[in-house]
Amino acid sequence: MRRKLVVGNWKMYGSVAGNDSLLKALGAGVGQGADVAVCVPFPYLYQAQALLSGSAVAWGAQDVSAQGQGAFTGEVSVAMLADFACSYVLIGHSERRTLHAEDDALVVAKVKAALAGGVCPVICVGETLAERDAGQTAAVVVRQLDAVLRGCGVEALDKAVLAYEPVWAIGTGRTASPEQAQEVHALLRGRVATADAEVAAKLRILYGGSVKAANAQALFAQPDIDGGLVGGASLVADEFLAIIAAV
Ligand code: PEP
């Protein structure tokens, strides 16, 4: 049995004052029914660690440098994330791939860096609307997954989480139907199974893209959907707690 995981992605939102009530509500409201984490902007890692330590909520970051240390202005290393006891780091989020031109090779390098530093990578894959409309969904997500399998080895997925996030569903209010999402999740798991069936059976594959309390239960009930990567709805304590309760 794979334990469900719900990860909040705060994106570039938050403030010290606002985070305080959100983190406290999550720390108090999350039980042991599923694994839960929030990936916060870098400056708030200290606050997340301070307010969530001892709770059932883990924390992490939204990106990491592929480099260990050095003259890389603006970058944050995995050792720095580990300094703040981060459990997870998002890698290859579509906003990084699109807005910061991150390609499959950089995603592979970042996954390697995260694993070497002991922080679990949440590796994001997903197709754009144009790619879906052109019938390229399978080809795109398999290409993104294969880059990781080739570059890091299937054993990397033993210590990682995969997230399927159709780009057209992120922040748009438009969610993939449970059947659409399940189809891609099954495809991804099947692809990993061709390399290692045991790793594939254990791998948690999250769905992301306008998950909210109203649709979480139907999505999480699918056999290959092991939880969610939640953006906007993770910024509202009651909504995020309701999504977690749907597990
Ligand atoms: C995300 O940021 O990964 C995401 C899925 O966002 P939203 O839930 O807002 O669509």
# chains A, B, ... in the order shown; residues from 1 in each chain; ligands from 1
$ residues_near_ligand --ligand "ligand 1" --cutoff "7 Å" --atoms "only C-alpha atoms and all ligand atoms" --output "VMD selection string"
chain A and resid 9 11 93 165 169 to 173 208 to 211 229 to 233
$ residues_around --residues "A:Leu23" --least-positions-apart "5" --cutoff "9 Å" --atoms "only C-alpha atoms" --output "MDAnalysis selection string"
chainID A and resid 18 28 47:48 51:52 237
$ write_last_selection --atoms "N, CA and C atoms" --output "PDB file, in the first residue's frame"
ATOM      1  N   GLY A  18       1.157  36.636   7.504  1.00  0.00           N
ATOM      2  CA  GLY A  18       0.128  35.735   6.973  1.00  0.00           C
ATOM      3  C   GLY A  18       0.481  34.269   7.154  1.00  0.00           C
ATOM      4  N   ALA A  28      -1.841  22.427  13.657  1.00  0.00           N
ATOM      5  CA  ALA A  28      -2.857  21.960  14.618  1.00  0.00           C
ATOM      6  C   ALA A  28      -3.882  21.048  13.963  1.00  0.00           C
ATOM      7  N   GLN A  47      10.757  29.952   9.169  1.00  0.00           N
ATOM      8  CA  GLN A  47       9.458  30.089   9.844  1.00  0.00           C
ATOM      9  C   GLN A  47       8.684  28.764   9.785  1.00  0.00           C
ATOM     10  N   ALA A  48       8.732  28.097   8.634  1.00  0.00           N
ATOM     11  CA  ALA A  48       8.040  26.803   8.512  1.00  0.00           C
ATOM     12  C   ALA A  48       8.640  25.793   9.486  1.00  0.00           C
ATOM     13  N   LEU A  51       7.580  26.665  13.105  1.00  0.00           N
ATOM     14  CA  LEU A  51       6.167  26.486  13.460  1.00  0.00           C
ATOM     15  C   LEU A  51       5.643  25.072  13.211  1.00  0.00           C
ATOM     16  N   LEU A  52       6.333  24.295  12.366  1.00  0.00           N
ATOM     17  CA  LEU A  52       5.814  22.950  12.046  1.00  0.00           C
ATOM     18  C   LEU A  52       6.578  21.819  12.728  1.00  0.00           C
ATOM     19  N   ALA A 237      -6.166  27.763   4.701  1.00  0.00           N
ATOM     20  CA  ALA A 237      -6.058  26.647   5.653  1.00  0.00           C
ATOM     21  C   ALA A 237      -7.247  25.702   5.574  1.00  0.00           C
TER      22      ALA A 237
END
$ select_by_dssp --residues "stretch 1-242 of chain A" --states "strand (DSSP E or B)" --output "ChimeraX atom specification"
/A:5-9,35-39,57-61,88-91,120-125,161-164,204-208,227-230
$ residues_around --residues "A:Met1" --least-positions-apart "2" --cutoff "12 Å" --atoms "only C-alpha atoms" --output "list of chain:residue names"
A:Arg3, A:Lys4, A:Ala201, A:Lys202, A:Leu203, A:Arg204, A:Pro223, A:Asp224, A:Asp226
$ write_last_selection --atoms "all heavy atoms" --output "mmCIF file, in the first residue's frame"
data_model
loop_
_atom_site.group_PDB
_atom_site.id
_atom_site.type_symbol
_atom_site.label_atom_id
_atom_site.label_comp_id
_atom_site.auth_asym_id
_atom_site.auth_seq_id
_atom_site.Cartn_x
_atom_site.Cartn_y
_atom_site.Cartn_z
ATOM 1 N N ARG A 3 1.288 5.051 0.882
ATOM 2 C CA ARG A 3 0.668 6.047 1.764
ATOM 3 C C ARG A 3 0.450 7.324 0.963
ATOM 4 O O ARG A 3 1.344 7.789 0.250
ATOM 5 C CB ARG A 3 1.612 6.288 2.947
ATOM 6 C CG ARG A 3 1.012 7.118 4.055
ATOM 7 C CD ARG A 3 1.905 7.052 5.284
ATOM 8 N NE ARG A 3 1.732 8.214 6.139
ATOM 9 C CZ ARG A 3 0.729 8.365 7.005
ATOM 10 N NH1 ARG A 3 -0.172 7.411 7.143
ATOM 11 N NH2 ARG A 3 0.633 9.454 7.749
ATOM 12 N N LYS A 4 -0.732 7.900 1.095
ATOM 13 C CA LYS A 4 -1.045 9.100 0.315
ATOM 14 C C LYS A 4 -0.204 10.293 0.823
ATOM 15 O O LYS A 4 0.169 10.361 1.996
ATOM 16 C CB LYS A 4 -2.530 9.442 0.439
ATOM 17 C CG LYS A 4 -3.454 8.416 -0.254
ATOM 18 C CD LYS A 4 -3.895 8.930 -1.599
ATOM 19 C CE LYS A 4 -5.103 8.202 -2.187
ATOM 20 N NZ LYS A 4 -4.877 6.824 -2.594
ATOM 21 N N ALA A 201 5.782 -0.052 -8.182
ATOM 22 C CA ALA A 201 4.665 -0.350 -7.272
ATOM 23 C C ALA A 201 4.713 0.540 -6.040
ATOM 24 O O ALA A 201 3.677 0.860 -5.453
ATOM 25 C CB ALA A 201 4.712 -1.824 -6.873
ATOM 26 N N LYS A 202 5.927 0.945 -5.634
ATOM 27 C CA LYS A 202 6.076 1.766 -4.424
ATOM 28 C C LYS A 202 6.002 3.267 -4.709
ATOM 29 O O LYS A 202 5.789 4.074 -3.805
ATOM 30 C CB LYS A 202 7.431 1.462 -3.760
ATOM 31 C CG LYS A 202 7.401 0.183 -2.924
ATOM 32 C CD LYS A 202 8.786 -0.251 -2.496
ATOM 33 C CE LYS A 202 9.639 0.833 -1.865
ATOM 34 N NZ LYS A 202 11.050 0.396 -1.707
ATOM 35 N N LEU A 203 6.208 3.638 -5.975
ATOM 36 C CA LEU A 203 6.339 5.062 -6.326
ATOM 37 C C LEU A 203 5.030 5.827 -6.114
ATOM 38 O O LEU A 203 3.977 5.446 -6.613
ATOM 39 C CB LEU A 203 6.750 5.177 -7.806
ATOM 40 C CG LEU A 203 6.873 6.588 -8.373
ATOM 41 C CD1 LEU A 203 8.012 7.356 -7.695
ATOM 42 C CD2 LEU A 203 7.098 6.519 -9.891
ATOM 43 N N ARG A 204 5.118 6.947 -5.399
ATOM 44 C CA ARG A 204 3.938 7.789 -5.226
ATOM 45 C C ARG A 204 3.868 8.790 -6.384
ATOM 46 O O ARG A 204 4.832 9.516 -6.643
ATOM 47 C CB ARG A 204 3.985 8.509 -3.877
ATOM 48 C CG ARG A 204 3.828 7.507 -2.740
ATOM 49 C CD ARG A 204 3.559 8.158 -1.430
ATOM 50 N NE ARG A 204 4.752 8.769 -0.866
ATOM 51 C CZ ARG A 204 4.816 9.218 0.382
ATOM 52 N NH1 ARG A 204 3.754 9.157 1.164
ATOM 53 N NH2 ARG A 204 5.925 9.751 0.856
ATOM 54 N N PRO A 223 -6.904 4.501 -8.721
ATOM 55 C CA PRO A 223 -5.911 3.543 -8.213
ATOM 56 C C PRO A 223 -4.452 3.995 -8.310
ATOM 57 O O PRO A 223 -3.625 3.582 -7.497
ATOM 58 C CB PRO A 223 -6.149 2.282 -9.061
ATOM 59 C CG PRO A 223 -6.994 2.717 -10.212
ATOM 60 C CD PRO A 223 -7.765 3.910 -9.752
ATOM 61 N N ASP A 224 -4.125 4.826 -9.305
ATOM 62 C CA ASP A 224 -2.722 5.239 -9.447
ATOM 63 C C ASP A 224 -2.470 6.677 -9.020
ATOM 64 O O ASP A 224 -1.390 7.213 -9.267
ATOM 65 C CB ASP A 224 -2.266 5.023 -10.901
ATOM 66 C CG ASP A 224 -2.119 3.538 -11.199
ATOM 67 O OD1 ASP A 224 -1.198 2.923 -10.626
ATOM 68 O OD2 ASP A 224 -2.940 2.991 -11.958
ATOM 69 N N ASP A 226 -1.831 8.957 -5.986
ATOM 70 C CA ASP A 226 -1.398 8.738 -4.600
ATOM 71 C C ASP A 226 -1.403 10.010 -3.772
ATOM 72 O O ASP A 226 -0.685 10.106 -2.768
ATOM 73 C CB ASP A 226 0.006 8.111 -4.607
ATOM 74 C CG ASP A 226 0.047 6.847 -5.446
ATOM 75 O OD1 ASP A 226 -0.808 5.974 -5.226
ATOM 76 O OD2 ASP A 226 0.904 6.750 -6.352
#
$ closest_residue --among "A:Val78, A:Val122, A:Cys152, A:Ala186" --to "A:Ala105" --atoms "only C-alpha atoms"
A:Cys152
$ closest_residue --among "A:Ala176, A:Leu219, A:Ala200, A:Ala58" --to "A:Cys120" --atoms "only C-alpha atoms"
A:Ala58
$ select_by_dssp --residues "stretch 13-158 of chain A" --states "helix (DSSP H, G or I)" --output "JSON, numbers by chain"
{"A": [16, 17, 18, 19, 20, 21, 22, 23, 24, 25, 26, 27, 28, 29, 42, 43, 44, 45, 46, 47, 48, 49, 50, 51, 52, 78, 79, 80, 81, 82, 83, 94, 95, 96, 97, 98, 99, 104, 105, 106, 107, 108, 109, 110, 111, 112, 113, 114, 115, 116, 129, 130, 131, 132, 133, 137, 138, 139, 140, 141, 142, 143, 144, 145, 146, 147, 148, 149, 150, 151, 152, 154, 155, 156, 157, 158]}
$ residues_around --residues "stretch 84-90 of chain A" --least-positions-apart "5" --cutoff "6 Å" --atoms "only C-alpha atoms" --output "list in words"
Trp59, Gly60, Ala61, Gln62, Asp63, Val119, Cys120, Pro121 and Val122 of chain A
$ atom_distance --atom1 "atom CA of A:Ala82" --atom2 "atom CA of A:Ser65"
12.8 Å
$ closest_residue --among "A:Val154, A:Val148, A:Ala79, A:Leu235" --to "A:Ala114" --atoms "only C-alpha atoms"
A:Ala79
$ residues_around --residues "stretch 244-247 of chain A" --least-positions-apart "3" --cutoff "8 Å" --atoms "only C-alpha atoms" --output "ChimeraX atom specification"
/A:4,6,30,33-34,36,213,216-217,220,227,240-241
$ residues_around --residues "A:Val140" --least-positions-apart "6" --cutoff "8 Å" --atoms "only C-alpha atoms" --output "list in words"
Gly126, Glu127 and Glu131 of chain A
$ residues_around --residues "A:Val142" --least-positions-apart "6" --cutoff "12 Å" --atoms "only C-alpha atoms" --output "PyMOL selection string"
chain A and resi 104+124-127+136+148-150+164+184-192
$ closest_residue --among "A:Asn19, A:Ser94, A:Gln67, A:Ser177" --to "A:Lys112" --atoms "only C-alpha atoms"
A:Gln67
$ decode --residues "stretch 97-118 of chain A" --atoms "N, CA, C and O atoms" --output "PDB file, in the first residue's frame"
ATOM      1  N   ARG A  97       9.950  25.217 -15.764  1.00  0.00           N
ATOM      2  CA  ARG A  97      10.303  24.770 -17.123  1.00  0.00           C
ATOM      3  C   ARG A  97       9.981  25.870 -18.137  1.00  0.00           C
ATOM      4  O   ARG A  97      10.772  26.159 -19.036  1.00  0.00           O
ATOM      5  N   THR A  98       8.819  26.519 -17.966  1.00  0.00           N
ATOM      6  CA  THR A  98       8.372  27.491 -18.964  1.00  0.00           C
ATOM      7  C   THR A  98       9.000  28.865 -18.750  1.00  0.00           C
ATOM      8  O   THR A  98       9.563  29.448 -19.670  1.00  0.00           O
ATOM      9  N   LEU A  99       8.915  29.377 -17.515  1.00  0.00           N
ATOM     10  CA  LEU A  99       9.327  30.761 -17.267  1.00  0.00           C
ATOM     11  C   LEU A  99      10.829  30.898 -17.050  1.00  0.00           C
ATOM     12  O   LEU A  99      11.376  31.980 -17.181  1.00  0.00           O
ATOM     13  N   HIS A 100      11.490  29.801 -16.703  1.00  0.00           N
ATOM     14  CA  HIS A 100      12.930  29.863 -16.427  1.00  0.00           C
ATOM     15  C   HIS A 100      13.705  28.914 -17.331  1.00  0.00           C
ATOM     16  O   HIS A 100      14.860  28.601 -17.041  1.00  0.00           O
ATOM     17  N   ALA A 101      13.048  28.461 -18.375  1.00  0.00           N
ATOM     18  CA  ALA A 101      13.691  27.664 -19.426  1.00  0.00           C
ATOM     19  C   ALA A 101      14.439  26.446 -18.877  1.00  0.00           C
ATOM     20  O   ALA A 101      15.512  26.103 -19.350  1.00  0.00           O
ATOM     21  N   GLU A 102      13.866  25.802 -17.876  1.00  0.00           N
ATOM     22  CA  GLU A 102      14.518  24.600 -17.338  1.00  0.00           C
ATOM     23  C   GLU A 102      14.198  23.420 -18.260  1.00  0.00           C
ATOM     24  O   GLU A 102      13.039  23.139 -18.544  1.00  0.00           O
ATOM     25  N   ASP A 103      15.239  22.754 -18.727  1.00  0.00           N
ATOM     26  CA  ASP A 103      15.012  21.627 -19.633  1.00  0.00           C
ATOM     27  C   ASP A 103      15.216  20.297 -18.893  1.00  0.00           C
ATOM     28  O   ASP A 103      15.547  20.274 -17.705  1.00  0.00           O
ATOM     29  N   ASP A 104      14.993  19.205 -19.609  1.00  0.00           N
ATOM     30  CA  ASP A 104      15.076  17.893 -18.977  1.00  0.00           C
ATOM     31  C   ASP A 104      16.460  17.650 -18.368  1.00  0.00           C
ATOM     32  O   ASP A 104      16.575  17.025 -17.312  1.00  0.00           O
ATOM     33  N   ALA A 105      17.495  18.130 -19.023  1.00  0.00           N
ATOM     34  CA  ALA A 105      18.860  17.901 -18.521  1.00  0.00           C
ATOM     35  C   ALA A 105      19.064  18.597 -17.176  1.00  0.00           C
ATOM     36  O   ALA A 105      19.678  18.035 -16.252  1.00  0.00           O
ATOM     37  N   LEU A 106      18.539  19.811 -17.052  1.00  0.00           N
ATOM     38  CA  LEU A 106      18.683  20.528 -15.778  1.00  0.00           C
ATOM     39  C   LEU A 106      17.843  19.844 -14.694  1.00  0.00           C
ATOM     40  O   LEU A 106      18.265  19.748 -13.533  1.00  0.00           O
ATOM     41  N   VAL A 107      16.672  19.375 -15.075  1.00  0.00           N
ATOM     42  CA  VAL A 107      15.833  18.652 -14.111  1.00  0.00           C
ATOM     43  C   VAL A 107      16.603  17.435 -13.583  1.00  0.00           C
ATOM     44  O   VAL A 107      16.635  17.181 -12.367  1.00  0.00           O
ATOM     45  N   VAL A 108      17.246  16.701 -14.463  1.00  0.00           N
ATOM     46  CA  VAL A 108      18.030  15.527 -14.051  1.00  0.00           C
ATOM     47  C   VAL A 108      19.134  15.948 -13.084  1.00  0.00           C
ATOM     48  O   VAL A 108      19.347  15.321 -12.035  1.00  0.00           O
ATOM     49  N   ALA A 109      19.838  17.015 -13.404  1.00  0.00           N
ATOM     50  CA  ALA A 109      20.934  17.477 -12.535  1.00  0.00           C
ATOM     51  C   ALA A 109      20.401  17.886 -11.163  1.00  0.00           C
ATOM     52  O   ALA A 109      21.039  17.621 -10.128  1.00  0.00           O
ATOM     53  N   LYS A 110      19.242  18.509 -11.139  1.00  0.00           N
ATOM     54  CA  LYS A 110      18.664  18.933  -9.854  1.00  0.00           C
ATOM     55  C   LYS A 110      18.174  17.729  -9.055  1.00  0.00           C
ATOM     56  O   LYS A 110      18.296  17.715  -7.819  1.00  0.00           O
ATOM     57  N   VAL A 111      17.614  16.736  -9.733  1.00  0.00           N
ATOM     58  CA  VAL A 111      17.179  15.521  -9.023  1.00  0.00           C
ATOM     59  C   VAL A 111      18.399  14.855  -8.380  1.00  0.00           C
ATOM     60  O   VAL A 111      18.355  14.445  -7.216  1.00  0.00           O
ATOM     61  N   LYS A 112      19.492  14.781  -9.125  1.00  0.00           N
ATOM     62  CA  LYS A 112      20.721  14.183  -8.571  1.00  0.00           C
ATOM     63  C   LYS A 112      21.196  14.966  -7.351  1.00  0.00           C
ATOM     64  O   LYS A 112      21.582  14.388  -6.333  1.00  0.00           O
ATOM     65  N   ALA A 113      21.163  16.287  -7.449  1.00  0.00           N
ATOM     66  CA  ALA A 113      21.624  17.126  -6.332  1.00  0.00           C
ATOM     67  C   ALA A 113      20.737  16.904  -5.111  1.00  0.00           C
ATOM     68  O   ALA A 113      21.228  16.760  -3.982  1.00  0.00           O
ATOM     69  N   ALA A 114      19.428  16.870  -5.320  1.00  0.00           N
ATOM     70  CA  ALA A 114      18.498  16.690  -4.189  1.00  0.00           C
ATOM     71  C   ALA A 114      18.748  15.350  -3.507  1.00  0.00           C
ATOM     72  O   ALA A 114      18.842  15.278  -2.269  1.00  0.00           O
ATOM     73  N   LEU A 115      18.878  14.313  -4.304  1.00  0.00           N
ATOM     74  CA  LEU A 115      19.079  12.978  -3.718  1.00  0.00           C
ATOM     75  C   LEU A 115      20.413  12.900  -2.978  1.00  0.00           C
ATOM     76  O   LEU A 115      20.497  12.318  -1.896  1.00  0.00           O
ATOM     77  N   ALA A 116      21.436  13.506  -3.562  1.00  0.00           N
ATOM     78  CA  ALA A 116      22.758  13.480  -2.917  1.00  0.00           C
ATOM     79  C   ALA A 116      22.703  14.198  -1.570  1.00  0.00           C
ATOM     80  O   ALA A 116      23.427  13.850  -0.639  1.00  0.00           O
ATOM     81  N   GLY A 117      21.828  15.194  -1.464  1.00  0.00           N
ATOM     82  CA  GLY A 117      21.715  15.969  -0.224  1.00  0.00           C
ATOM     83  C   GLY A 117      20.659  15.435   0.725  1.00  0.00           C
ATOM     84  O   GLY A 117      20.396  16.038   1.767  1.00  0.00           O
ATOM     85  N   GLY A 118      20.009  14.334   0.347  1.00  0.00           N
ATOM     86  CA  GLY A 118      19.051  13.708   1.263  1.00  0.00           C
ATOM     87  C   GLY A 118      17.706  14.397   1.339  1.00  0.00           C
ATOM     88  O   GLY A 118      16.978  14.246   2.323  1.00  0.00           O
TER      89      GLY A 118
END
